[in-house]
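Below: the structure, in structure tokens.
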Amino acid sequence: MPVTAPPTTPADVSALPVAAPAVSLRGAKVSFGDRTLWDGLDLDVAPGEFVTVLGPNGSGKTTLVRVLLGLVPLTAGEVRIAGRPPRRGSPSIGYVPQQKALDPDLPLRGRDLVGLGLDGHRFGIGFRGRRERRERVEAALAAVGGTAYADAPVGRLSGGEQQRLRVAQALVGGPDVLLCDEPLLSLDLSHQRTVTRLIDERRRAAGTAVLFVTHEINPVLPYVDRVLYLVGGRFRIGPPEEVMTSEVLSELYGTHVDVLRVRGRLVVVGAEDHGEHCHEESA
Amino acid sequence: MSDLLGELFSFEGLGELLAVPFVQAALLACAVLGLIAGVLAPLIVSRGMSFAVHGTAELSFTGGAAALLAGIGVQYGAVAGAIVASVVFGVLGLRQRERDAVIGVVLAFGLGLGVLLLSLYDGRASNKFGLLYGSPVAVDTADVTVLGVVTVLVAATLAVLYRPLLFASTDPDVALARGVPVRALSIVFAVLVGLTTALVVPIVGAILVLTVMITPGAAAARVTANPLLATVLAVAFAETALLGGIVLSLAPGQPVSGYVALIAFLIYVACRAIGSRRRRPVAA
């Protein structure tokens with residue numbers, strides 16, 4: 001039951017020339033067996049647009065990311081990334097995963113992690129273009145402020161440092177679309193801000209479209225152009241002030257939900273899975 | 001005490017021993033083995049596959065014992081056992097918790113079966129224990145040929161697959177998202193490990209395979225996080241342990257695997273000591 005708000009043009013990218021959408025979904029449907037995650041999903045993400053994907057666990061947020069990565073086919077409908085069907089290893093896509101603990105003795109430095117984002121999926125030894133490769137990795141590291149710890153073992157870096165490197169790893173190939181799957185999870189507030197700011201800077205500077213999956217909208221709220229809110233097969237797309245309302249979320253959840261504004265932050269009360277809104281950040 | 005040391009460490013007539021053809025064949029075989037084992041070791045450590053390698057070695061022993069009983073060449077049985085084991089472990093993928101228990105179960109069964117097969121065999125005892133404890137003297141020209149072929153195969157595969165393999169080994173989630181065939185690579189890598197293990201088993205023995213396949217990689221990972229440097233160091237460590245082990249074992253006439261294990265362990269301890277000094281405090 002899609003309730004689609006008219007696509008809005010974000011103010012900050014209206015100066016850009018009208019370009020083909022970076023991500024385009026038409027009548028998209030994914031089902032596993034007889035369980036349908038979502039159906040009839042129409043979404044165009046413009047270059048430079050910041051779209052946040054929200055919803056409770058199991059609503060198909062991560063599956064949407066996997067569709068765009070070319071790892072899960074649509075059951076019905078059509079999907080395009082920069083005008084082409086998604087495929088594994090597409091240079092059009094950068095991917096930022098959630099932070100997870102790495103072995104402190106993993107023989108891998110920050111610069112290796114970033115380098116793998118550039119050509120880790122390619123076969124062959126790759127002796128050609130070493131110099132250009134090094135320069136690109138160096139530039140990506142500098143852009144996230146990671147040069148200082150580029151030679152440290154990644155497993156010994158803090159979660160925030162690791163996520164900065166993840167952003168560099170995702171952006172080093174110059175993608176059209178940046179897919180972020182819960183990249184702020186388990187980061188403290190200041191690192192959440194830093195990582196979000198880095199992503200925001202890039203989409204403004206390079207017109208990279210951002211699809212940002214999260215269960216916690218507040219850290220990204222100042223940057224979000226539109227929200228895709230998924231709940232149990234229902235969804236709503238629109239600017240945060242249109243979607244993040246008691247009325248819309250109550251309709252989506254099929255139960256009474258209150259959306260409160262507390263000192264510039266959104267607090268959702270009544271939707272299970274949203275208890276985190278309150279205590280997550282104090283952790 | 002000095003008698004004991006004299007029995008363990010002696011260099012009497014080492015010069016003449018080094019000139020003996022089968023000793024030279026053994027040295028050559030070990031030099032080649034050290035190269036591939038050293039290249040694989042950091043990847044094995046990155047993937048957390050130490051236990052899988054141990055399991056592969058034990059099943060290689062089972063295969064060898066079965067071949068011995070059947071009257072086929074031991075090395076064919078060893079290779080077959082190692083490949084079967086490595087493919088099974090490779091299919092299990094990267095999920096550590098699930099994998100550990102399965103390896104333990106399969107390893108214990110394989111070892112028990114191998115012991116039974118050996119006791120049924122009534123040939124020479126040296127054949128029996130060669131697989132468990134290893135003996136570089138067992139290397140003959142046919143083995144060197146097999147070794148050469150397998151080495152070229154492993155090296156060529158690694159050259160083509162190295163980057164995606166490193167990606168899949170160190171950063172599997174993002175590698176998968178970037179389209180790296182993580183699962184297929186996991187199986188290919190397991191086969192490479194299986195082949196190499198099968199070649200190492202007759203030389204250092206099934207019980208001490210880890211000394212060549214893991215210790216050099218674990219030692220290198222303590223002192224550097226640079227994957228290329230870690231590989232170079234692991235090769236150097238594996239060569240030192242293998243060749244040094246043979247040279248030390250010649251004059252005393254003691255089992256070579258003990259010396260290999262000793263050298264590898266000392267290298268590891270030294271690397272840990274060096275590594276603990278470069279420890280970077282976790283930044284806030």
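Within each chain, counting starts at residue 1; across the structure tokens, chains are named A, B, ... in the order shown, with ligands numbered 1 upward in that order.
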**Request:** Write out as a ChimeraX atom specification all residues of region 46-199 of chain A that DSSP puts in strand (DSSP E or B) for this structure's backbone.
**Result:** /A:50-54,76-81,84,93-96,109,153,177-181
I need the chosen residues saved as a compact mmCIF listing (two decimals), in the first residue's frame, with C-alpha atoms.
# COMPACT_ATOMS: atom_id res chain seq x y z
CA PHE A 50 20.41 12.13 0.79
CA VAL A 51 17.72 9.52 1.35
CA THR A 52 17.37 7.76 4.67
CA VAL A 53 15.79 4.33 4.87
CA LEU A 54 14.05 3.75 8.18
CA ALA A 76 9.02 -7.93 -9.86
CA GLY A 77 9.61 -4.44 -11.17
CA GLU A 78 12.73 -2.69 -12.31
CA VAL A 79 15.82 -1.23 -10.71
CA ARG A 80 18.54 0.96 -12.25
CA ILE A 81 21.78 2.27 -10.81
CA ARG A 84 22.11 0.45 -15.64
CA ILE A 93 28.36 1.85 -6.00
CA GLY A 94 30.20 2.47 -2.77
CA TYR A 95 29.21 0.49 0.30
CA VAL A 96 29.66 1.39 3.96
CA ARG A 109 46.54 -1.53 7.39
CA PRO A 153 46.64 -2.23 11.82
CA VAL A 177 25.70 6.03 -5.25
CA LEU A 178 26.79 5.54 -1.68
CA LEU A 179 24.94 2.76 0.14
CA CYS A 180 25.29 2.96 3.89
CA ASP A 181 23.98 0.05 5.97
**Message:** Residues of chain A were defined as contacting chain B if any atom lay at most 10 Å from it, counting only C-alpha atoms; please report them as a PyMOL selection string.
**Reply:** chain A and resi 65-66+68-71+87-91+93-98+102-113+115-126+149+151-161+166+169-170
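You will find CA of Ala273 (chain B) at 28.6 Å from CA of Thr197 (chain B).
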**Prompt:** Where does DSSP see alpha helix (DSSP H) in region 187-253 of chain B, if you list the residues as an MDAnalysis selection string?
**Reply:** chainID B and resid 187:204 209:213 215:223 227:250
**Prompt:** Could you pull the residues within 6 Å of Leu59 (chain B), counting only C-alpha atoms, minus those fewer than 6 positions along the same chain, as a PyMOL selection string?
**Reply:** chain B and resi 81-82+110
**Neighbour list for Val191 (chain B) as a ChimeraX atom specification, cut-off 12 Å, only C-alpha atoms, skip fewer than 5 positions in-chain** = /B:40,52-53,56,79-91,150,153-154,157-158,184-186,196-198
Please, could you write that set of residues out with C-alpha atoms as a compact mmCIF listing (two decimals), in the first residue's frame?
# COMPACT_ATOMS: atom_id res chain seq x y z
CA LEU B 40 49.49 -19.09 2.27
CA ALA B 52 40.89 -26.28 9.69
CA VAL B 53 44.49 -26.75 8.56
CA THR B 56 43.12 -31.19 6.96
CA VAL B 79 46.56 -35.73 -1.23
CA ALA B 80 43.09 -37.26 -1.61
CA GLY B 81 42.42 -37.10 2.12
CA ALA B 82 43.59 -33.50 2.36
CA ILE B 83 41.50 -32.38 -0.60
CA VAL B 84 38.34 -34.05 0.70
CA ALA B 85 38.88 -32.50 4.12
CA SER B 86 39.69 -29.05 2.80
CA VAL B 87 36.67 -28.96 0.49
CA VAL B 88 34.39 -29.99 3.36
CA PHE B 89 35.89 -27.30 5.59
CA GLY B 90 35.85 -24.78 2.76
CA VAL B 91 32.15 -25.34 2.11
CA VAL B 150 51.59 -28.54 -7.30
CA LEU B 153 49.59 -24.72 -9.70
CA VAL B 154 49.24 -23.07 -6.30
CA THR B 157 46.20 -19.68 -8.80
CA LEU B 158 47.38 -17.32 -6.08
CA ALA B 184 33.74 -19.88 -4.25
CA LEU B 185 37.06 -18.36 -3.19
CA SER B 186 36.70 -19.98 0.19
CA THR B 196 49.97 -27.79 0.27
CA THR B 197 49.12 -29.60 3.48
CA ALA B 198 49.28 -32.95 1.71
**Request:** Can you work out which one of B:Leu210, B:Val102, B:Ile44, B:Leu248 has the shortest atom-to-atom distance to Leu192 (chain B), counting only C-alpha atoms?
**Result:**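 Nearest to Leu192 (chain B): B:Ile44.
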**Prompt:** Which of these, B:Leu242, B:Ala26, B:Ala70, B:Leu5, has the shortest distance to Leu120 (chain B) once you count only C-alpha atoms?
**Reply:** B:Ala70
**Request:** Measure the distance from CA of Ala155 (chain B) to CA of Ile203 (chain B) in Å and round it to one decimal.
**Result:**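 CA of Ile203 (chain B) lies 20.0 Å from CA of Ala155 (chain B).
With distances restricted to only C-alpha atoms, B:Gly134 is the closest residue to Val201 (chain B) from B:Gly38, B:Gly134, B:Gly73, B:Gly114.
With CA of Val269 (chain A) on one side and CA of Val248 (chain A) on the other, the separation reads 13.2 Å.
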**Selection: 7 Å around Pro47 (chain A), only C-alpha atoms, excl. self and same-chain fewer than 4 positions, as a ChimeraX atom specification** = /A:21-22,207-209
**Prompt:** For Tyr253 (chain A), which of A:Leu198, A:Pro56, A:Val67, A:Gln162 is the closest residue, counting only C-alpha atoms?
**Reply:** A:Pro56
